[in-house]
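Data from coords-v7.pdb: PDB, C-alpha atoms
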```pdb
ATOM      1  CA  MET S   1      44.260 -40.759-100.541  1.00  0.00           C
ATOM      2  CA  SER S   2      40.940 -40.113 -98.789  1.00  0.00           C
ATOM      3  CA  HIS S   3      37.956 -42.271 -99.677  1.00  0.00           C
ATOM      4  CA  ARG S   4      35.496 -39.499 -98.840  1.00  0.00           C
ATOM      5  CA  SER S   5      35.292 -35.938 -97.643  1.00  0.00           C
ATOM      6  CA  PRO S   6      35.408 -35.546 -93.867  1.00  0.00           C
ATOM      7  CA  SER S   7      32.583 -32.981 -94.114  1.00  0.00           C
ATOM      8  CA  VAL S   8      30.100 -35.664 -95.219  1.00  0.00           C
ATOM      9  CA  THR S   9      28.093 -37.115 -92.332  1.00  0.00           C
ATOM     10  CA  PRO S  10      28.897 -40.837 -92.110  1.00  0.00           C
ATOM     11  CA  ALA S  11      26.405 -43.557 -91.229  1.00  0.00           C
ATOM     12  CA  VAL S  12      28.686 -45.050 -88.582  1.00  0.00           C
ATOM     13  CA  SER S  13      31.215 -43.542 -86.200  1.00  0.00           C
ATOM     14  CA  VAL S  14      33.711 -46.050 -84.841  1.00  0.00           C
ATOM     15  CA  LEU S  15      34.789 -44.840 -81.399  1.00  0.00           C
ATOM     16  CA  ILE S  16      38.266 -45.977 -80.317  1.00  0.00           C
ATOM     17  CA  PRO S  17      40.053 -44.835 -77.165  1.00  0.00           C
ATOM     18  CA  ALA S  18      43.821 -45.232 -77.452  1.00  0.00           C
ATOM     19  CA  TRP S  19      46.502 -44.939 -74.798  1.00  0.00           C
ATOM     20  CA  ASN S  20      50.103 -45.875 -75.643  1.00  0.00           C
ATOM     21  CA  ALA S  21      48.630 -48.056 -78.382  1.00  0.00           C
ATOM     22  CA  VAL S  22      51.251 -47.872 -81.108  1.00  0.00           C
ATOM     23  CA  ARG S  23      51.897 -51.628 -80.940  1.00  0.00           C
ATOM     24  CA  HIS S  24      48.322 -52.733 -81.707  1.00  0.00           C
ATOM     25  CA  LEU S  25      46.618 -49.755 -83.328  1.00  0.00           C
ATOM     26  CA  PRO S  26      47.826 -50.417 -86.911  1.00  0.00           C
ATOM     27  CA  ALA S  27      45.982 -53.759 -87.008  1.00  0.00           C
ATOM     28  CA  ALA S  28      42.817 -52.122 -85.682  1.00  0.00           C
ATOM     29  CA  LEU S  29      42.923 -49.318 -88.251  1.00  0.00           C
ATOM     30  CA  ASP S  30      43.899 -51.629 -91.115  1.00  0.00           C
ATOM     31  CA  GLY S  31      40.881 -53.770 -90.223  1.00  0.00           C
ATOM     32  CA  LEU S  32      38.636 -50.741 -90.557  1.00  0.00           C
ATOM     33  CA  LEU S  33      40.201 -49.786 -93.873  1.00  0.00           C
ATOM     34  CA  SER S  34      39.396 -53.326 -95.090  1.00  0.00           C
ATOM     35  CA  GLN S  35      35.669 -53.119 -94.262  1.00  0.00           C
ATOM     36  CA  THR S  36      33.211 -53.947 -97.047  1.00  0.00           C
ATOM     37  CA  PHE S  37      31.103 -51.028 -95.737  1.00  0.00           C
ATOM     38  CA  HIS S  38      32.677 -47.661 -96.503  1.00  0.00           C
ATOM     39  CA  ASP S  39      30.358 -45.051 -94.954  1.00  0.00           C
ATOM     40  CA  TRP S  40      32.173 -44.703 -91.628  1.00  0.00           C
ATOM     41  CA  GLU S  41      34.521 -42.492 -89.703  1.00  0.00           C
ATOM     42  CA  ALA S  42      36.906 -43.580 -86.972  1.00  0.00           C
ATOM     43  CA  VAL S  43      37.040 -41.170 -84.045  1.00  0.00           C
ATOM     44  CA  VAL S  44      40.250 -42.219 -82.298  1.00  0.00           C
ATOM     45  CA  VAL S  45      40.761 -40.483 -78.967  1.00  0.00           C
ATOM     46  CA  ASP S  46      44.413 -40.408 -77.982  1.00  0.00           C
ATOM     47  CA  ASP S  47      44.236 -40.428 -74.188  1.00  0.00           C
ATOM     48  CA  GLY S  48      47.495 -38.605 -73.510  1.00  0.00           C
ATOM     49  CA  SER S  49      49.751 -41.271 -74.985  1.00  0.00           C
ATOM     50  CA  GLN S  50      53.472 -41.035 -74.292  1.00  0.00           C
ATOM     51  CA  ASP S  51      54.525 -43.320 -77.120  1.00  0.00           C
ATOM     52  CA  GLU S  52      54.264 -42.822 -80.891  1.00  0.00           C
ATOM     53  CA  THR S  53      50.466 -43.135 -80.962  1.00  0.00           C
ATOM     54  CA  PRO S  54      49.914 -39.459 -81.979  1.00  0.00           C
ATOM     55  CA  ALA S  55      52.352 -39.733 -84.882  1.00  0.00           C
ATOM     56  CA  LEU S  56      50.811 -43.011 -86.005  1.00  0.00           C
ATOM     57  CA  LEU S  57      47.330 -41.489 -85.958  1.00  0.00           C
ATOM     58  CA  ALA S  58      48.536 -38.485 -87.949  1.00  0.00           C
ATOM     59  CA  ALA S  59      49.989 -40.800 -90.591  1.00  0.00           C
ATOM     60  CA  TYR S  60      46.765 -42.800 -90.917  1.00  0.00           C
ATOM     61  CA  ALA S  61      44.654 -39.627 -91.025  1.00  0.00           C
ATOM     62  CA  ALA S  62      46.841 -38.325 -93.850  1.00  0.00           C
ATOM     63  CA  ARG S  63      46.124 -41.546 -95.767  1.00  0.00           C
ATOM     64  CA  ASP S  64      42.366 -41.546 -95.181  1.00  0.00           C
ATOM     65  CA  ALA S  65      40.245 -38.611 -94.004  1.00  0.00           C
ATOM     66  CA  ARG S  66      37.748 -40.997 -92.394  1.00  0.00           C
ATOM     67  CA  ILE S  67      40.249 -41.454 -89.560  1.00  0.00           C
ATOM     68  CA  ARG S  68      39.794 -38.517 -87.177  1.00  0.00           C
ATOM     69  CA  PRO S  69      42.297 -38.323 -84.305  1.00  0.00           C
ATOM     70  CA  LEU S  70      41.405 -36.381 -81.186  1.00  0.00           C
ATOM     71  CA  HIS S  71      43.877 -35.675 -78.401  1.00  0.00           C
ATOM     72  CA  VAL S  72      43.069 -35.231 -74.704  1.00  0.00           C
ATOM     73  CA  GLU S  73      45.095 -35.222 -71.525  1.00  0.00           C
ATOM     74  CA  HIS S  74      45.298 -38.655 -69.962  1.00  0.00           C
ATOM     75  CA  GLY S  75      42.103 -39.189 -68.016  1.00  0.00           C
ATOM     76  CA  GLY S  76      41.208 -42.842 -68.521  1.00  0.00           C
ATOM     77  CA  ILE S  77      38.794 -44.701 -70.748  1.00  0.00           C
ATOM     78  CA  VAL S  78      35.563 -43.055 -69.583  1.00  0.00           C
ATOM     79  CA  HIS S  79      36.996 -39.582 -70.146  1.00  0.00           C
ATOM     80  CA  ALA S  80      38.265 -40.607 -73.600  1.00  0.00           C
ATOM     81  CA  LEU S  81      34.992 -42.265 -74.614  1.00  0.00           C
ATOM     82  CA  ASN S  82      32.851 -39.334 -73.530  1.00  0.00           C
ATOM     83  CA  HIS S  83      35.146 -36.859 -75.287  1.00  0.00           C
ATOM     84  CA  GLY S  84      34.803 -38.951 -78.431  1.00  0.00           C
ATOM     85  CA  LEU S  85      31.012 -39.052 -78.114  1.00  0.00           C
ATOM     86  CA  LEU S  86      30.986 -35.256 -78.273  1.00  0.00           C
ATOM     87  CA  HIS S  87      32.605 -35.453 -81.714  1.00  0.00           C
ATOM     88  CA  VAL S  88      31.017 -38.464 -83.443  1.00  0.00           C
ATOM     89  CA  ARG S  89      28.883 -37.586 -86.464  1.00  0.00           C
ATOM     90  CA  GLY S  90      27.331 -40.915 -87.404  1.00  0.00           C
ATOM     91  CA  ARG S  91      23.781 -41.974 -86.591  1.00  0.00           C
ATOM     92  CA  HIS S  92      25.261 -45.180 -85.171  1.00  0.00           C
ATOM     93  CA  VAL S  93      28.314 -45.607 -82.916  1.00  0.00           C
ATOM     94  CA  ALA S  94      30.443 -48.735 -83.134  1.00  0.00           C
ATOM     95  CA  ARG S  95      32.895 -49.433 -80.343  1.00  0.00           C
ATOM     96  CA  MET S  96      36.379 -50.836 -80.692  1.00  0.00           C
ATOM     97  CA  ASP S  97      39.456 -50.795 -78.525  1.00  0.00           C
ATOM     98  CA  ALA S  98      42.869 -49.983 -79.934  1.00  0.00           C
ATOM     99  CA  ASP S  99      43.975 -53.612 -79.636  1.00  0.00           C
ATOM    100  CA  ASP S 100      40.924 -55.062 -81.427  1.00  0.00           C
ATOM    101  CA  THR S 101      40.399 -56.125 -85.004  1.00  0.00           C
ATOM    102  CA  CYS S 102      37.037 -56.664 -86.620  1.00  0.00           C
ATOM    103  CA  HIS S 103      35.576 -58.939 -89.256  1.00  0.00           C
ATOM    104  CA  PRO S 104      35.516 -57.291 -92.719  1.00  0.00           C
ATOM    105  CA  GLU S 105      31.701 -57.317 -92.765  1.00  0.00           C
ATOM    106  CA  ARG S 106      31.155 -56.195 -89.186  1.00  0.00           C
ATOM    107  CA  LEU S 107      30.094 -52.615 -89.920  1.00  0.00           C
ATOM    108  CA  ALA S 108      27.936 -53.634 -92.868  1.00  0.00           C
ATOM    109  CA  LEU S 109      26.058 -56.302 -90.929  1.00  0.00           C
ATOM    110  CA  GLN S 110      25.550 -54.263 -87.779  1.00  0.00           C
ATOM    111  CA  CYS S 111      24.496 -51.086 -89.598  1.00  0.00           C
ATOM    112  CA  HIS S 112      22.058 -53.114 -91.724  1.00  0.00           C
ATOM    113  CA  ALA S 113      20.574 -54.698 -88.600  1.00  0.00           C
ATOM    114  CA  LEU S 114      19.943 -51.326 -86.932  1.00  0.00           C
ATOM    115  CA  ASP S 115      18.664 -49.651 -90.084  1.00  0.00           C
ATOM    116  CA  ASN S 116      16.180 -52.450 -90.741  1.00  0.00           C
ATOM    117  CA  ALA S 117      14.880 -52.979 -87.202  1.00  0.00           C
ATOM    118  CA  PRO S 118      13.729 -49.656 -85.691  1.00  0.00           C
ATOM    119  CA  HIS S 119      12.920 -51.354 -82.372  1.00  0.00           C
ATOM    120  CA  LEU S 120      16.587 -52.251 -81.821  1.00  0.00           C
ATOM    121  CA  GLY S 121      18.801 -49.755 -80.053  1.00  0.00           C
ATOM    122  CA  LEU S 122      21.967 -51.822 -79.928  1.00  0.00           C
ATOM    123  CA  VAL S 123      23.474 -54.862 -81.595  1.00  0.00           C
ATOM    124  CA  ALA S 124      26.597 -56.823 -80.721  1.00  0.00           C
ATOM    125  CA  SER S 125      28.461 -59.819 -82.044  1.00  0.00           C
ATOM    126  CA  ARG S 126      30.244 -62.857 -80.831  1.00  0.00           C
ATOM    127  CA  VAL S 127      33.976 -62.362 -80.366  1.00  0.00           C
ATOM    128  CA  THR S 128      37.200 -64.328 -80.479  1.00  0.00           C
ATOM    129  CA  PHE S 129      39.735 -63.947 -77.687  1.00  0.00           C
ATOM    130  CA  GLY S 130      43.218 -63.518 -79.088  1.00  0.00           C
ATOM    131  CA  GLY S 131      45.275 -63.236 -75.924  1.00  0.00           C
ATOM    132  CA  ASP S 132      46.974 -65.675 -73.572  1.00  0.00           C
ATOM    133  CA  ALA S 133      44.255 -68.029 -72.333  1.00  0.00           C
ATOM    134  CA  ALA S 134      46.457 -69.311 -69.487  1.00  0.00           C
ATOM    135  CA  GLN S 135      46.935 -65.808 -68.075  1.00  0.00           C
ATOM    136  CA  CYS S 136      43.391 -64.616 -68.773  1.00  0.00           C
ATOM    137  CA  GLY S 137      41.283 -67.650 -67.903  1.00  0.00           C
ATOM    138  CA  GLY S 138      38.515 -65.572 -66.348  1.00  0.00           C
ATOM    139  CA  PHE S 139      38.145 -63.457 -69.461  1.00  0.00           C
ATOM    140  CA  VAL S 140      38.146 -66.558 -71.666  1.00  0.00           C
ATOM    141  CA  ARG S 141      35.231 -67.941 -69.639  1.00  0.00           C
ATOM    142  CA  TYR S 142      33.456 -64.579 -69.933  1.00  0.00           C
ATOM    143  CA  VAL S 143      33.892 -64.571 -73.730  1.00  0.00           C
ATOM    144  CA  ASP S 144      32.599 -68.144 -73.959  1.00  0.00           C
ATOM    145  CA  TRP S 145      29.566 -67.159 -71.888  1.00  0.00           C
ATOM    146  CA  THR S 146      28.728 -64.058 -73.936  1.00  0.00           C
ATOM    147  CA  ASN S 147      29.158 -66.045 -77.152  1.00  0.00           C
ATOM    148  CA  SER S 148      26.464 -68.437 -75.916  1.00  0.00           C
ATOM    149  CA  LEU S 149      23.874 -65.644 -75.610  1.00  0.00           C
ATOM    150  CA  LEU S 150      22.315 -65.664 -79.051  1.00  0.00           C
ATOM    151  CA  CYS S 151      18.803 -64.275 -78.586  1.00  0.00           C
ATOM    152  CA  HIS S 152      17.261 -61.245 -76.935  1.00  0.00           C
ATOM    153  CA  GLU S 153      15.779 -63.284 -74.094  1.00  0.00           C
ATOM    154  CA  ASP S 154      19.120 -64.842 -73.126  1.00  0.00           C
ATOM    155  CA  ILE S 155      20.860 -61.475 -73.297  1.00  0.00           C
ATOM    156  CA  ALA S 156      18.143 -59.825 -71.207  1.00  0.00           C
ATOM    157  CA  LEU S 157      18.411 -62.531 -68.530  1.00  0.00           C
ATOM    158  CA  GLY S 158      22.205 -62.499 -68.686  1.00  0.00           C
ATOM    159  CA  ARG S 159      22.333 -58.830 -67.675  1.00  0.00           C
ATOM    160  CA  PHE S 160      21.534 -59.876 -64.103  1.00  0.00           C
ATOM    161  CA  ARG S 161      24.718 -61.960 -63.974  1.00  0.00           C
ATOM    162  CA  GLU S 162      27.283 -59.825 -65.815  1.00  0.00           C
ATOM    163  CA  SER S 163      27.441 -57.537 -68.832  1.00  0.00           C
ATOM    164  CA  PRO S 164      26.088 -59.803 -71.593  1.00  0.00           C
ATOM    165  CA  LEU S 165      27.659 -57.715 -74.360  1.00  0.00           C
ATOM    166  CA  VAL S 166      31.367 -57.473 -75.131  1.00  0.00           C
ATOM    167  CA  HIS S 167      31.880 -53.713 -75.270  1.00  0.00           C
ATOM    168  CA  PRO S 168      34.148 -53.520 -78.357  1.00  0.00           C
ATOM    169  CA  SER S 169      31.645 -55.592 -80.363  1.00  0.00           C
ATOM    170  CA  VAL S 170      28.640 -53.286 -80.030  1.00  0.00           C
ATOM    171  CA  MET S 171      27.028 -50.780 -82.333  1.00  0.00           C
ATOM    172  CA  PHE S 172      24.296 -48.540 -80.933  1.00  0.00           C
ATOM    173  CA  ARG S 173      22.146 -45.666 -82.065  1.00  0.00           C
ATOM    174  CA  ARG S 174      23.769 -42.315 -81.289  1.00  0.00           C
ATOM    175  CA  GLU S 175      20.429 -40.976 -80.054  1.00  0.00           C
ATOM    176  CA  LEU S 176      20.552 -43.342 -77.072  1.00  0.00           C
ATOM    177  CA  ILE S 177      23.351 -41.260 -75.547  1.00  0.00           C
ATOM    178  CA  ASP S 178      21.069 -38.222 -75.681  1.00  0.00           C
ATOM    179  CA  ARG S 179      18.312 -40.200 -73.947  1.00  0.00           C
ATOM    180  CA  PHE S 180      20.304 -42.097 -71.313  1.00  0.00           C
ATOM    181  CA  GLY S 181      23.486 -40.091 -70.898  1.00  0.00           C
ATOM    182  CA  PRO S 182      27.126 -40.910 -71.673  1.00  0.00           C
ATOM    183  CA  TYR S 183      29.443 -43.351 -69.943  1.00  0.00           C
ATOM    184  CA  ALA S 184      29.640 -42.884 -66.177  1.00  0.00           C
ATOM    185  CA  ASN S 185      32.712 -43.084 -63.966  1.00  0.00           C
ATOM    186  CA  GLY S 186      32.331 -45.244 -60.893  1.00  0.00           C
ATOM    187  CA  PRO S 187      33.195 -48.514 -59.151  1.00  0.00           C
ATOM    188  CA  PHE S 188      31.600 -50.463 -62.014  1.00  0.00           C
ATOM    189  CA  PRO S 189      32.365 -51.230 -65.673  1.00  0.00           C
ATOM    190  CA  GLU S 190      31.446 -48.185 -67.754  1.00  0.00           C
ATOM    191  CA  ASP S 191      29.789 -50.238 -70.483  1.00  0.00           C
ATOM    192  CA  TYR S 192      27.686 -52.336 -68.090  1.00  0.00           C
ATOM    193  CA  GLY S 193      26.388 -49.167 -66.437  1.00  0.00           C
ATOM    194  CA  LEU S 194      25.334 -47.775 -69.805  1.00  0.00           C
ATOM    195  CA  TRP S 195      23.617 -50.985 -70.931  1.00  0.00           C
ATOM    196  CA  LEU S 196      21.627 -51.162 -67.694  1.00  0.00           C
ATOM    197  CA  ARG S 197      20.436 -47.589 -68.168  1.00  0.00           C
TER     198      ARG S 197
END
```
Output the file's structure in the form of structure tokens.
Amino acid sequence: MSHRSPSVTPAVSVLIPAWNAVRHLPAALDGLLSQTFHDWEAVVVDDGSQDETPALLAAYAARDARIRPLHVEHGGIVHALNHGLLHVRGRHVARMDADDTCHPERLALQCHALDNAPHLGLVASRVTFGGDAAQCGGFVRYVDWTNSLLCHEDIALGRFRESPLVHPSVMFRRELIDRFGPYANGPFPEDYGLWLR
């Protein structure tokens, strides 16, 4: 049963690109359904999946109208993200990937931070890596580094080294996309390019 009408404008839109994500997507969506903050929608862009992702999304949307599946031809993450940005309704956009889970208070804490600090355009959180550390040693070191950046000054300096924000942990004001443009395709990480703009 739906927690709220899909015609009501939510405070937060959670933007999730999904491609052949049936294995991990249930944990991501169940994590959203367990949030202590309820004024959200999940805009899940199915990027031309060839597995059961569309059927899974339809089942979750039938359970809760806050989950809004969109379907596009496979075009990659930037295409999926930008398509989703055209359809988000919240004043803030939270990012997640289809294989992520989030802390039950994530949306509440991040929305509160943005709503109570007008000078902030974006907030992020520390993250936990849940994969194979032996196979992904470089990413483990990256996560450890980003988790050590705990103030604005360190984050601002860190941007000259690498993206100091883990993309699926951010929440930003929707209006920033109108000011700085959407994600860009290129020989660079799409999130890093947006943060630098």
(request) Find the residues around segment 27-37 of chain S up to 7 Å (only C-alpha atoms counted), leave out those fewer than 5 positions away in its own chain, and share them as a VMD selection string. (result) chain S and resid 98 to 102 104 to 105 107 to 108
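Atom CA of Tyr192 of chain S sits 5.3 Å away from atom CA of Ser163 of chain S.
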If we count all atoms listed in the file, what is near Gly76 of chain S at a cut-off of 10 Å, once residues fewer than 5 positions away on the same chain are taken out, given as a CSV table (one decimal) with C-alpha atoms, in the coordinates of the input?
```
chain,number,residue,atom,x,y,z
S,17,PRO,CA,40.1,-44.8,-77.2
S,18,ALA,CA,43.8,-45.2,-77.5
S,19,TRP,CA,46.5,-44.9,-74.8
S,47,ASP,CA,44.2,-40.4,-74.2
S,48,GLY,CA,47.5,-38.6,-73.5
S,81,LEU,CA,35.0,-42.3,-74.6
S,185,ASN,CA,32.7,-43.1,-64.0
```
(request) Please indicate the distance in Å from atom CA of Ala117 of chain S to atom CA of Arg68 of chain S, rounded to one decimal place. (result) 28.8 Å
(request) Using the chain letters and residue numbers of this document, give as an MDAnalysis selection string the residues selected by the PyMOL selection byres ((chain S and resi 67) around 10). (result) chainID S and resid 2 6 13:14 29 32:33 40:44 57:66 68:70
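The residue that comes closest to Arg126 of chain S, out of S:His167, S:His24, S:His112, S:Arg197 and on the basis of all atoms listed in the file, is S:His167.
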(request) Specify as a ChimeraX atom specification each residue included when the PyMOL selection byres ((chain S and resi 92) around 12) is applied to this file. (result) /S:9-15,39-42,85,88-91,93-95,107-108,110-115,120-123,170-177
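For segment 137-145 of chain S, the set of protein, DNA and RNA residues having any atom at most 10 Å away, when counting only C-alpha atoms and skipping those fewer than 6 positions along the same chain, is S:Arg126, S:Val127, S:Thr128, S:Phe129, S:Gly130, S:Gly131, S:Gly158, S:Glu162, S:Ser163, S:Pro164, S:Leu165, S:Val166.
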For the residues in that selection, give me C-alpha atoms as a CSV table (one decimal), in the coordinates of the input.
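Produced file result_27.csv, reproduced below:
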```csv
chain,number,residue,atom,x,y,z
S,126,ARG,CA,30.2,-62.9,-80.8
S,127,VAL,CA,34.0,-62.4,-80.4
S,128,THR,CA,37.2,-64.3,-80.5
S,129,PHE,CA,39.7,-63.9,-77.7
S,130,GLY,CA,43.2,-63.5,-79.1
S,131,GLY,CA,45.3,-63.2,-75.9
S,158,GLY,CA,22.2,-62.5,-68.7
S,162,GLU,CA,27.3,-59.8,-65.8
S,163,SER,CA,27.4,-57.5,-68.8
S,164,PRO,CA,26.1,-59.8,-71.6
S,165,LEU,CA,27.7,-57.7,-74.4
S,166,VAL,CA,31.4,-57.5,-75.1
```
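With distances restricted to only C-alpha atoms, S:Ala156 is the closest residue to Trp195 of chain S from S:Ile77, S:Ala134, S:Ala156, S:Leu149.
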(request) Would you please work out which residue, of S:Thr53, S:Val45, S:Cys151, S:Arg161, is nearest to Met96 of chain S when using only C-alpha atoms? (result) S:Val45
(message) From the options S:His119, S:His71, S:Arg159, S:Arg179, which residue's atoms come nearest to Pro54 of chain S, counting only C-alpha atoms?
(response) S:His71
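Here atom CA of Asp154 of chain S stands at a distance of 14.9 Å from atom CA of Leu196 of chain S.
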Edge lengths and centre, in Å to one decimal, as AutoDock Vina command-line options: that's what I need for the box along x, y and z that holds all listed atoms of segment 17-28 of chain S plus 5 Å on each side.
```
--center_x 46.0 --center_y -49.3 --center_z -80.9 --size_x 21.8 --size_y 18.9 --size_z 22.2
```
